[in-house]
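Text of data21.txt (compact mmCIF, C-alpha atoms) as supplied:
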# COMPACT_ATOMS: atom_id res chain seq x y z
CA MET A 11 -7.35 1.19 34.25
CA ARG A 12 -3.72 2.32 34.21
CA ALA A 13 -1.02 0.09 32.78
CA ARG A 14 2.59 1.12 33.02
CA ASN A 15 4.87 0.28 30.10
CA SER A 16 7.65 -1.35 32.11
CA THR A 17 7.88 -4.85 30.56
CA PRO A 18 10.34 -5.88 27.81
CA ILE A 19 9.17 -5.48 24.24
CA ASP A 20 9.59 -8.39 21.83
CA GLN A 21 9.92 -8.21 18.06
CA ALA A 22 6.96 -9.49 16.09
CA SER A 23 7.14 -12.83 14.36
CA THR A 24 4.32 -11.94 11.92
CA VAL A 25 5.34 -12.41 8.26
CA ILE A 26 4.80 -9.16 6.36
CA MET A 27 4.39 -9.57 2.60
CA PRO A 28 5.97 -6.94 0.32
CA ARG A 29 3.87 -3.88 -0.47
CA VAL A 30 4.05 -2.39 -3.97
CA LEU A 31 2.88 1.03 -5.16
CA LEU A 32 1.82 0.51 -8.80
CA ILE A 33 1.88 3.82 -10.70
CA SER A 34 0.03 4.22 -14.00
CA TYR A 35 -1.95 6.86 -15.88
CA ARG A 36 -5.24 5.06 -16.39
CA ALA A 37 -6.86 7.84 -18.42
CA ALA A 38 -4.35 7.30 -21.26
CA MET A 39 -4.43 3.46 -21.36
CA GLU A 40 -5.33 1.49 -24.45
CA PRO A 41 -8.04 -1.15 -23.78
CA GLN A 42 -5.52 -4.00 -24.12
CA GLU A 43 -3.16 -2.23 -21.73
CA ALA A 44 -5.94 -1.76 -19.14
CA ARG A 45 -6.74 -5.48 -19.28
CA LEU A 46 -3.06 -6.35 -18.93
CA VAL A 47 -2.64 -4.07 -15.88
CA ALA A 48 -5.80 -5.54 -14.31
CA ARG A 49 -4.40 -9.02 -14.89
CA LEU A 50 -1.07 -8.05 -13.33
CA ILE A 51 -2.74 -6.57 -10.23
CA THR A 52 -4.97 -9.58 -9.59
CA ASP A 53 -2.12 -12.04 -10.16
CA LEU A 54 0.15 -10.14 -7.74
CA LEU A 55 -2.63 -10.14 -5.15
CA ALA A 56 -3.22 -13.86 -5.74
CA VAL A 57 0.39 -14.70 -4.79
CA GLY A 58 0.28 -12.56 -1.63
CA VAL A 59 1.78 -9.25 -2.80
CA ASP A 60 0.13 -6.20 -1.19
CA VAL A 61 -0.68 -3.73 -4.00
CA LEU A 62 -1.41 0.00 -3.61
CA LEU A 63 -2.55 2.00 -6.64
CA ASP A 64 -1.64 5.46 -7.87
CA GLU A 65 -3.56 6.01 -11.11
CA MET A 66 -2.59 9.71 -11.22
CA GLN A 67 -6.25 10.73 -11.31
CA ASP A 68 -5.24 13.85 -9.42
CA ILE A 69 -2.04 14.53 -11.34
CA HIS A 70 -1.24 17.61 -9.26
CA THR A 71 -1.16 15.78 -5.93
CA LEU A 72 1.65 13.42 -4.95
CA PRO A 73 0.39 10.46 -2.83
CA VAL A 74 3.01 10.97 -0.12
CA LEU A 75 1.37 8.63 2.39
CA LYS A 76 1.27 5.77 -0.11
CA PHE A 77 4.93 6.32 -1.02
CA GLN A 78 5.93 6.21 2.64
CA SER A 79 3.96 3.04 3.38
CA CYS A 80 5.21 0.85 0.52
CA ASP A 81 8.29 -1.33 0.01
CA TRP A 82 8.58 -1.16 -3.79
CA VAL A 83 7.49 1.16 -6.61
CA LEU A 84 6.34 -0.38 -9.91
CA LEU A 85 6.09 2.12 -12.80
CA VAL A 86 3.85 1.12 -15.73
CA GLN A 87 5.14 1.95 -19.22
CA MET A 88 2.24 2.42 -21.64
CA GLN A 89 2.11 3.30 -25.32
CA ASN A 90 1.09 6.89 -24.60
CA ASN A 91 2.54 8.45 -21.45
CA ALA A 92 0.49 11.63 -21.55
CA ALA A 93 1.32 12.34 -17.91
CA PHE A 94 5.07 12.24 -18.54
CA ALA A 95 5.78 15.19 -16.21
CA GLN A 96 3.72 13.69 -13.39
CA ALA A 97 5.41 10.31 -13.83
CA GLU A 98 8.79 12.04 -13.60
CA VAL A 99 7.76 13.75 -10.33
CA ARG A 100 6.71 10.39 -8.90
CA LEU A 101 9.89 8.76 -10.13
CA ASN A 102 12.01 11.43 -8.42
CA LYS A 103 10.07 10.86 -5.19
CA ALA A 104 10.68 7.11 -5.49
CA ILE A 105 14.41 7.67 -6.08
CA GLU A 106 14.51 9.93 -3.01
CA GLN A 107 12.75 7.30 -0.86
CA ASN A 108 15.08 4.62 -2.22
CA GLY A 109 18.14 6.73 -1.41
CA ARG A 110 16.96 7.12 2.18
CA GLY A 111 16.56 3.37 2.54
CA ARG A 112 12.76 3.56 2.77
CA LEU A 113 12.21 1.65 -0.48
CA ARG A 114 13.71 -1.70 -1.43
CA GLY A 115 13.75 -0.77 -5.09
CA ILE A 116 12.05 0.62 -8.21
CA LEU A 117 10.78 -1.62 -10.99
CA ARG A 118 9.35 -0.84 -14.42
CA VAL A 119 6.90 -2.96 -16.40
CA SER A 120 5.94 -2.38 -20.04
CA VAL A 121 2.36 -3.09 -21.11
CA ALA A 122 2.61 -1.17 -24.38
CA VAL A 123 1.03 -3.22 -27.16
CA TYR A 124 2.33 -0.85 -29.87
CA PRO A 125 5.53 1.24 -30.18
CA VAL A 126 5.95 3.64 -27.27
CA SER A 127 5.40 7.30 -28.17
CA ASN A 128 6.97 8.80 -25.08
CA ALA A 129 9.19 6.76 -22.79
CA LEU A 130 9.24 7.10 -19.02
CA PRO A 131 12.35 8.69 -17.51
CA GLU A 132 15.30 6.33 -17.43
CA LEU A 133 16.47 4.95 -14.11
CA ASP A 134 19.94 4.13 -12.92
CA ALA A 135 20.29 0.42 -13.78
CA PRO A 136 16.50 -0.04 -14.29
CA ILE A 137 14.83 -3.38 -13.67
CA VAL A 138 12.44 -3.65 -16.62
CA PHE A 139 9.89 -6.38 -17.36
CA ASP A 140 8.01 -6.69 -20.65
CA ALA A 141 4.51 -7.91 -19.82
CA SER A 142 3.17 -7.15 -23.29
CA SER A 143 5.32 -9.68 -25.18
CA ASP A 144 5.83 -12.41 -22.55
CA TYR A 145 3.48 -11.94 -19.63
CA PRO A 146 4.23 -15.18 -17.71
CA ARG A 147 7.98 -14.56 -17.62
CA ALA A 148 7.47 -10.89 -16.69
CA LEU A 149 5.15 -11.85 -13.82
CA ALA A 150 7.58 -14.52 -12.65
CA GLY A 151 10.44 -12.01 -12.76
CA ILE A 152 8.49 -9.35 -10.83
CA VAL A 153 7.34 -11.77 -8.12
CA ASN A 154 10.82 -13.26 -7.77
CA THR A 155 12.29 -9.77 -7.35
CA LEU A 156 9.68 -8.79 -4.76
CA HIS A 157 9.72 -12.07 -2.84
CA PRO A 158 12.76 -14.19 -3.83
CA ASP A 159 12.30 -16.74 -1.02
CA ASN A 160 9.21 -18.24 -2.64
CA GLN A 161 10.21 -20.64 -5.42
CA ALA A 162 6.75 -21.65 -6.66
CA ARG A 163 5.97 -21.73 -10.36
CA LEU A 164 3.78 -19.17 -12.12
CA TYR A 165 2.23 -20.18 -15.45
CA GLY A 166 4.77 -22.99 -15.61
CA VAL A 167 7.68 -20.55 -15.30
CA ARG A 168 9.92 -20.86 -12.25
CA ARG A 169 10.50 -17.58 -10.50
CA GLY A 170 14.01 -16.38 -10.99
CA THR A 171 14.18 -16.93 -14.75
CA ALA A 172 15.54 -13.93 -16.60
CA PRO A 173 12.88 -11.39 -17.66
CA PRO A 174 12.48 -10.81 -21.41
CA VAL A 175 14.60 -8.06 -22.94
CA ILE A 176 12.83 -4.97 -24.26
CA HIS A 177 14.07 -3.83 -27.69
CA GLN A 178 13.45 -0.18 -28.43
CA ARG A 179 13.26 -0.94 -32.17
CA PRO A 180 12.79 -4.14 -34.25
CA LEU A 181 15.83 -6.40 -33.99
CA LEU A 182 15.95 -7.20 -37.74
CA LEU A 183 15.97 -3.52 -38.61
CA GLU A 184 18.74 -2.89 -36.08
CA ILE A 185 20.88 -5.70 -37.53
CA ALA A 186 20.28 -4.60 -41.12
CA ALA A 187 21.15 -0.99 -40.33
CA SER A 188 24.35 -1.98 -38.55
CA THR A 189 25.32 -4.17 -41.52
CA LEU A 190 24.84 -1.33 -44.00
CA PHE A 191 26.70 1.40 -42.16
CA SER A 192 29.50 -0.59 -40.53
CA SER A 193 31.45 -1.25 -43.77
CA PRO A 194 32.17 1.88 -45.90
CA ARG A 195 34.17 -0.18 -48.44
CA THR A 196 31.32 -2.51 -49.32
CA PRO A 197 30.86 -2.79 -53.15
CA ALA A 198 27.98 -0.82 -54.64
CA ARG A 199 26.13 -3.99 -55.68
CA VAL A 200 26.25 -5.34 -52.14
CA GLN A 201 25.12 -1.99 -50.79
CA ARG A 202 22.12 -2.05 -53.15
CA ILE A 203 21.26 -5.52 -51.87
CA HIS A 204 21.50 -4.27 -48.31
CA ILE A 205 19.20 -1.33 -49.12
CA ILE A 206 16.66 -3.70 -50.67
CA LEU A 207 16.83 -5.91 -47.58
CA ILE A 208 16.25 -2.89 -45.33
CA VAL A 209 13.26 -1.74 -47.39
CA LEU A 210 11.78 -5.24 -47.30
CA THR A 211 12.37 -5.44 -43.55
CA VAL A 212 10.66 -2.09 -43.01
CA LEU A 213 7.69 -3.16 -45.14
CA ILE A 214 7.39 -6.43 -43.22
CA VAL A 215 7.50 -4.64 -39.88
CA LEU A 216 4.94 -2.03 -40.98
CA GLY A 217 2.70 -4.76 -42.35
CA ALA A 218 2.89 -6.66 -39.06
CA ILE A 219 2.03 -3.52 -37.07
CA LEU A 220 -0.91 -2.74 -39.38
CA ALA A 221 -2.20 -6.31 -39.16
CA ARG A 222 -1.93 -6.26 -35.38
CA ALA A 223 -3.91 -3.02 -35.28
CA LEU A 224 -6.70 -4.50 -37.43
CA ILE A 225 -7.04 -7.74 -35.50
CA VAL A 226 -9.30 -7.64 -32.45
CA MET A 227 -7.09 -9.10 -29.75
CA PRO A 228 -8.80 -11.55 -27.34
CA ALA A 229 -8.95 -10.52 -23.71
CA PRO A 230 -6.18 -12.15 -21.65
CA LYS A 231 -7.18 -14.70 -19.03
CA VAL A 232 -7.40 -13.01 -15.64
CA VAL A 233 -6.78 -14.87 -12.40
CA GLN A 234 -9.71 -13.57 -10.36
CA HIS A 235 -9.06 -12.54 -6.78
CA PRO A 236 -11.88 -13.34 -4.33
CA LEU A 237 -12.58 -9.67 -3.62
CA THR A 238 -11.78 -8.11 -6.99
CA ALA A 239 -13.21 -8.50 -10.44
CA PRO A 240 -11.41 -5.82 -12.47
CA THR A 241 -12.77 -4.80 -15.84
CA MET A 242 -11.59 -2.49 -18.56
CA THR A 243 -13.61 0.44 -17.26
CA ALA A 244 -13.65 -0.14 -13.48
CA VAL A 245 -11.12 1.52 -11.17
CA ILE A 246 -8.99 -1.29 -9.74
CA SER A 247 -8.74 -1.46 -5.95
CA THR A 248 -7.02 -3.87 -3.60
CA PRO A 249 -9.19 -6.21 -1.51
CA GLN A 250 -8.43 -4.16 1.60
CA GLU A 251 -9.49 -0.92 -0.13
CA LEU A 252 -12.67 -2.57 -1.38
CA LEU A 253 -13.36 -3.91 2.10
CA TYR A 254 -13.00 -0.43 3.60
CA LYS A 255 -15.30 1.15 1.01
CA GLN A 256 -17.86 -1.60 1.40
CA ILE A 257 -18.00 -1.39 5.21
CA THR A 258 -17.80 2.37 5.68
CA GLY A 259 -20.38 2.83 2.93
CA MET A 260 -22.94 1.12 5.17
CA LYS A 261 -24.79 2.66 8.10
CA PRO A 262 -22.81 2.19 11.34
CA ALA A 263 -24.39 0.11 14.09
CA PHE A 264 -23.15 2.59 16.70
CA VAL A 265 -22.35 6.29 16.37
CA ASP A 266 -21.08 8.45 19.22
CA THR A 267 -19.84 12.03 18.95
CA LEU A 268 -18.09 11.52 22.32
CA GLY A 269 -19.47 14.84 23.45
CA GLN A 270 -20.93 13.49 26.67
CA GLN A 271 -21.53 10.32 28.67
CA ASP A 272 -24.08 7.97 27.12
CA ALA A 273 -25.15 4.33 26.91
CA TYR A 274 -21.60 3.19 26.11
CA LYS A 275 -20.61 3.86 29.75
CA TRP A 276 -17.17 5.31 29.00
CA ASP A 277 -14.58 5.46 31.76
CA GLN A 278 -14.55 8.73 33.67
CA SER A 279 -11.73 8.92 36.18
CA GLN A 280 -8.88 11.06 37.39
CA GLN A 281 -5.90 10.03 39.49
CA GLN A 282 -2.39 11.42 39.84
CA GLY A 283 -2.54 13.46 36.64
CA GLU A 284 -4.09 10.67 34.56
CA SER A 285 -7.69 11.13 33.44
CA CYS A 286 -10.50 10.14 31.08
CA ALA A 287 -13.15 12.85 30.83
CA PHE A 288 -15.66 14.59 28.56
CA SER A 289 -14.62 18.16 27.92
CA ALA A 290 -15.43 20.79 25.28
CA GLY A 291 -17.60 18.39 23.27
CA ALA A 292 -14.98 15.63 23.08
CA TYR A 293 -13.51 12.72 25.02
CA GLN A 294 -10.08 13.67 26.40
CA VAL A 295 -7.52 11.25 27.74
CA GLU A 296 -4.40 12.71 29.33
CA ILE A 297 -1.30 12.01 31.37
CA LEU A 298 -0.15 15.26 32.96
CA PRO A 299 1.95 16.19 36.00
CA PRO A 300 2.49 14.97 38.64
CA ALA A 301 2.74 11.81 36.46
CA VAL A 302 6.35 11.25 35.35
CA GLY A 303 8.30 8.67 33.33
CA GLN A 304 6.90 6.33 30.67
CA GLN A 305 3.25 5.55 31.34
CA ARG A 306 0.25 4.18 29.47
CA TYR A 307 -3.36 5.04 30.29
CA VAL A 308 -6.34 3.12 28.85
CA CYS A 309 -10.02 4.16 28.89
CA LEU A 310 -12.70 1.65 27.85
CA GLU A 311 -16.43 1.42 27.18
CA HIS A 312 -18.37 -0.95 29.45
CA ALA A 313 -21.58 -1.55 27.49
CA ALA A 314 -20.67 -4.20 24.91
CA VAL A 315 -18.27 -6.95 23.89
CA PHE A 316 -17.55 -6.94 20.15
CA THR A 317 -16.40 -9.81 17.94
CA SER A 318 -16.00 -8.96 14.25
CA LEU A 319 -16.25 -5.22 13.80
CA ALA A 320 -14.94 -2.09 12.12
CA LEU A 321 -13.95 0.65 14.55
CA GLN A 322 -13.29 4.25 13.49
CA VAL A 323 -12.52 7.40 15.49
CA SER A 324 -11.04 10.86 14.93
CA VAL A 325 -7.85 11.51 16.93
CA LYS A 326 -5.98 14.74 17.65
CA LEU A 327 -2.76 14.92 19.65
CA VAL A 328 -3.09 18.23 21.48
CA GLN A 329 0.28 17.80 23.20
CA GLY A 330 2.77 15.09 24.05
CA ASP A 331 3.64 11.71 22.60
CA VAL A 332 1.12 8.98 21.61
CA GLY A 333 -2.63 8.41 21.18
CA GLY A 334 -4.72 5.63 19.65
CA ILE A 335 -7.54 3.11 19.83
CA VAL A 336 -7.93 -0.10 21.84
CA LEU A 337 -9.79 -3.21 20.71
CA ARG A 338 -10.25 -6.87 21.66
CA ALA A 339 -9.83 -5.81 25.30
CA ASN A 340 -10.41 -8.16 28.20
CA GLY A 341 -10.79 -5.35 30.69
CA TYR A 342 -7.40 -3.78 31.39
CA ARG A 343 -5.68 -7.14 31.55
CA SER A 344 -5.11 -7.81 27.85
CA TYR A 345 -5.84 -5.92 24.63
CA TYR A 346 -4.48 -4.65 21.31
CA TRP A 347 -3.82 -1.00 20.57
CA PHE A 348 -3.32 0.87 17.28
CA SER A 349 -1.66 4.24 17.83
CA LEU A 350 0.08 7.22 16.21
CA ASP A 351 2.89 9.19 17.83
CA SER A 352 4.04 12.78 17.50
CA ALA A 353 6.53 11.80 14.75
CA GLY A 354 3.74 10.33 12.59
CA CYS A 355 4.72 6.70 13.23
CA TYR A 356 2.07 4.05 13.85
CA ARG A 357 2.19 0.94 16.01
CA LEU A 358 0.09 -2.13 16.59
CA VAL A 359 0.90 -3.62 19.98
CA MET A 360 -0.49 -6.60 21.90
CA LEU A 361 -0.62 -6.72 25.69
CA ALA A 362 -0.93 -10.36 26.78
CA ALA A 363 -2.66 -11.46 29.97
CA SER A 364 0.80 -12.29 31.34
CA GLY A 365 1.74 -8.60 31.09
CA GLN A 366 4.13 -9.18 28.17
CA LEU A 367 4.09 -6.62 25.35
CA GLN A 368 4.63 -7.53 21.70
CA ILE A 369 5.04 -4.89 18.98
CA LEU A 370 3.50 -6.32 15.79
CA SER A 371 4.37 -3.41 13.49
CA GLN A 372 8.08 -2.97 14.18
CA ASP A 373 9.42 -2.24 10.68
CA ALA A 374 11.04 0.59 8.75
CA GLN A 375 7.81 1.52 6.97
CA SER A 376 5.83 2.32 10.14
CA CYS A 377 6.77 6.04 10.08
CA LEU A 378 4.47 7.84 7.65
CA GLY A 379 5.17 11.49 8.42
CA ILE A 380 1.58 12.22 9.50
CA ASN A 381 0.96 15.51 11.29
CA MET A 382 -0.65 14.42 14.56
CA GLN A 383 -1.52 18.00 15.48
CA ASN A 384 -4.19 17.74 12.80
CA THR A 385 -7.24 15.55 13.33
CA ASN A 386 -6.61 12.10 11.84
CA SER A 387 -8.99 9.20 11.34
CA LEU A 388 -7.95 5.76 12.63
CA THR A 389 -9.86 2.69 11.43
CA ALA A 390 -9.40 -0.95 12.44
CA ILE A 391 -11.34 -3.77 10.77
CA ALA A 392 -11.23 -6.96 12.85
CA GLN A 393 -12.61 -10.12 11.26
CA GLY A 394 -11.84 -13.33 13.12
CA THR A 395 -8.06 -13.50 13.42
CA THR A 396 -7.40 -10.87 10.71
CA LEU A 397 -6.88 -7.20 11.53
CA SER A 398 -6.67 -4.48 8.83
CA LEU A 399 -5.51 -0.95 9.73
CA TYR A 400 -6.28 2.35 7.96
CA ILE A 401 -5.21 5.95 8.51
CA ASN A 402 -7.25 8.74 6.92
CA SER A 403 -9.10 6.14 4.79
CA ILE A 404 -5.81 4.79 3.35
CA PHE A 405 -4.97 1.12 3.90
CA ILE A 406 -1.80 0.74 5.98
CA LYS A 407 -1.24 -2.93 6.78
CA GLN A 408 -2.99 -6.22 7.46
CA PHE A 409 -2.07 -8.60 10.27
CA GLN A 410 -2.95 -12.29 10.54
CA ASN A 411 -3.20 -14.71 13.47
CA ILE A 412 -4.58 -12.17 15.93
CA ALA A 413 -5.07 -14.15 19.15
CA ALA A 414 -8.12 -12.49 20.73
CA THR A 415 -11.37 -12.71 18.76
CA SER A 416 -13.64 -10.52 20.91
CA GLY A 417 -13.55 -7.83 23.56
CA GLN A 418 -14.23 -4.23 24.52
CA VAL A 419 -13.05 -1.15 22.67
CA GLY A 420 -11.57 2.10 23.91
CA PHE A 421 -8.68 4.53 23.74
CA VAL A 422 -5.04 4.69 24.81
CA VAL A 423 -2.61 7.51 25.61
CA ILE A 424 1.12 6.95 26.18
CA ARG A 425 3.56 9.32 27.82
CA ARG A 426 7.12 8.68 26.70
CA LYS A 427 8.84 11.90 27.74
CA LEU A 428 6.26 14.68 27.63
CA PRO A 429 2.91 15.37 29.29
CA THR A 430 0.31 14.09 26.83
CA ARG A 431 -3.28 15.04 26.03
CA VAL A 432 -5.30 13.42 23.21
CA VAL A 433 -8.81 14.37 22.02
CA PHE A 434 -11.17 11.73 20.55
CA THR A 435 -14.35 12.46 18.55
CA ASN A 436 -16.69 10.83 16.00
CA PHE A 437 -16.64 7.25 17.28
CA LYS A 438 -18.26 4.71 14.92
CA VAL A 439 -18.67 0.94 15.00
CA TRP A 440 -19.84 -1.38 12.21
CA GLN A 441 -20.74 -4.88 13.41
CA LEU A 442 -19.68 -7.53 10.89
CA ALA A 443 -21.04 -11.02 10.39

Could you render the structure from this file as structure tokens?
Amino acid sequence: MRARNSTPIDQASTVIMPRVLLISYRAAMEPQEARLVARLITDLLAVGVDVLLDEMQDIHTLPVLKFQSCDWVLLVQMQNNAAFAQAEVRLNKAIEQNGRGRLRGILRVSVAVYPVSNALPELDAPIVFDASSDYPRALAGIVNTLHPDNQARLYGVRRGTAPPVIHQRPLLLEIAASTLFSSPRTPARVQRIHIILIVLTVLIVLGAILARALIVMPAPKVVQHPLTAPTMTAVISTPQELLYKQITGMKPAFVDTLGQQDAYKWDQSQQQGESCAFSAGAYQVEILPPAVGQQRYVCLEHAAVFTSLALQVSVKLVQGDVGGIVLRANGYRSYYWFSLDSAGCYRLVMLAASGQLQILSQDAQSCLGINMQNTNSLTAIAQGTTLSLYINSIFIKQFQNIAATSGQVGFVVIRRKLPTRVVFTNFKVWQLA
């Protein structure tokens, strides 16, 4: 029942794809812009990029957890940036995260099909991609920036080709204007010719804009992702977010308040300061004196062995260091645990039957600043060899090639330096096919 954390810890070899927070103000999008953003999201998902969405539906709340769990920020430039102030707040947060080394970078993509009425705040040396005029090259440029090691072709364009340049005004008008005003000694007749050329250029540009507005533009071809079918009116979600909503929207197969012992046959034990017990309407796991040093204590249920499942529980760190959930357990010999510590950092760790520990989530983005003194919800969705993790209903990360495919579930408490007590409530299990 007790396993001491005394073995060496290895770095994970799992390949983690880049995670992007895509920020846009959906309420102000033109229909063509909404289709273009939907196409961009599904195409990024199709090539393995992990996409989180901030559609600024609640423009007064900054999605801090999403910022802290992503690698890149991708700002969407639309024709009408009605939420300019909110975009600026998010941009400042992204710049702060980038300055602290928590972001790899900030990108900007334009989907504006007409002239932009209010530009997003400028960045220092911005990386800008124009998806409205040359979508394939913009997508290739974005993917190459996010994941430069992959040299596959997208839409016949090799990643790494230069993204198209965005002109803030028509190039012909810019050239004509520079020609007129750069030579004060130009003869009057030549100046009149230049003025006529400018007027004609302006008329041509206005005519082209008017014609574009009158023509019903065909919907762009969308590369459908297996779990998403975005439309112009639907709120776009990642496959992992859709999976969470789909599963937790169903009736759980098992529900346990953890207020008292029941058919799940939870561990109840106490030895040398380590205990699993029902107390005050909750299940409490603790490592208290006389226990000293780094220790790990695991408490399991003994009524079922689960294969594919979704496991959810409410966790509160009353005092100490670390608390979390256990799944795919073969007794106390081998298991996985998903935990949060007092600093708000999460970990996914595998204990092999040999006693060797492997941290699968050892990266700079694992610290999310969560207040563990509040009650937090941990969810793990295990399907075959794939494991998806969520904190407070927000998708955190997905792991592939999970070795164990079945086992018991339970809870874990870890003492690093301080006596630790963790309270668990509201245990739910959804059995998946």

| task | Would you mind reading off the distance between CA of Arg45 in chain A and CA of Gly115 in chain A, one decimal, in Å? | result |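 Between these atoms lies a distance of 25.4 Å.
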
| Spatial neighbours of range 306-316 of chain A, max dist 9 Å, all atoms listed in the file, sep filter under 2 positions, as a ChimeraX atom specification | /A:11-15,273-279,284-286,295-297,304,318-319,336-339,341-342,415-426,441

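Among the candidate residues A:Lys438, A:Arg49, A:Arg431, A:Lys407, the one lying nearest to Lys76 in chain A is A:Lys407, with distances computed using all atoms listed in the file.
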
| message | For Leu378 in chain A, find every residue with an atom within 9 Å (counting only C-alpha atoms), except residues of its own chain fewer than 6 positions away, and show them as an MDAnalysis selection string. | response | chainID A and resid 74:79 353:356

| said: Please report the interatomic distance between CA of Gly394 in chain A and CA of Gln250 in chain A in Å with one decimal. | reply: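 So the two atoms, CA of Gly394 in chain A and CA of Gln250 in chain A, lie 15.1 Å apart.
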
| message | To one decimal place in Å, what is the distance between CA of Val323 in chain A and CA of Phe405 in chain A? | response |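 Computing it gives 15.2 Å between the two atoms.
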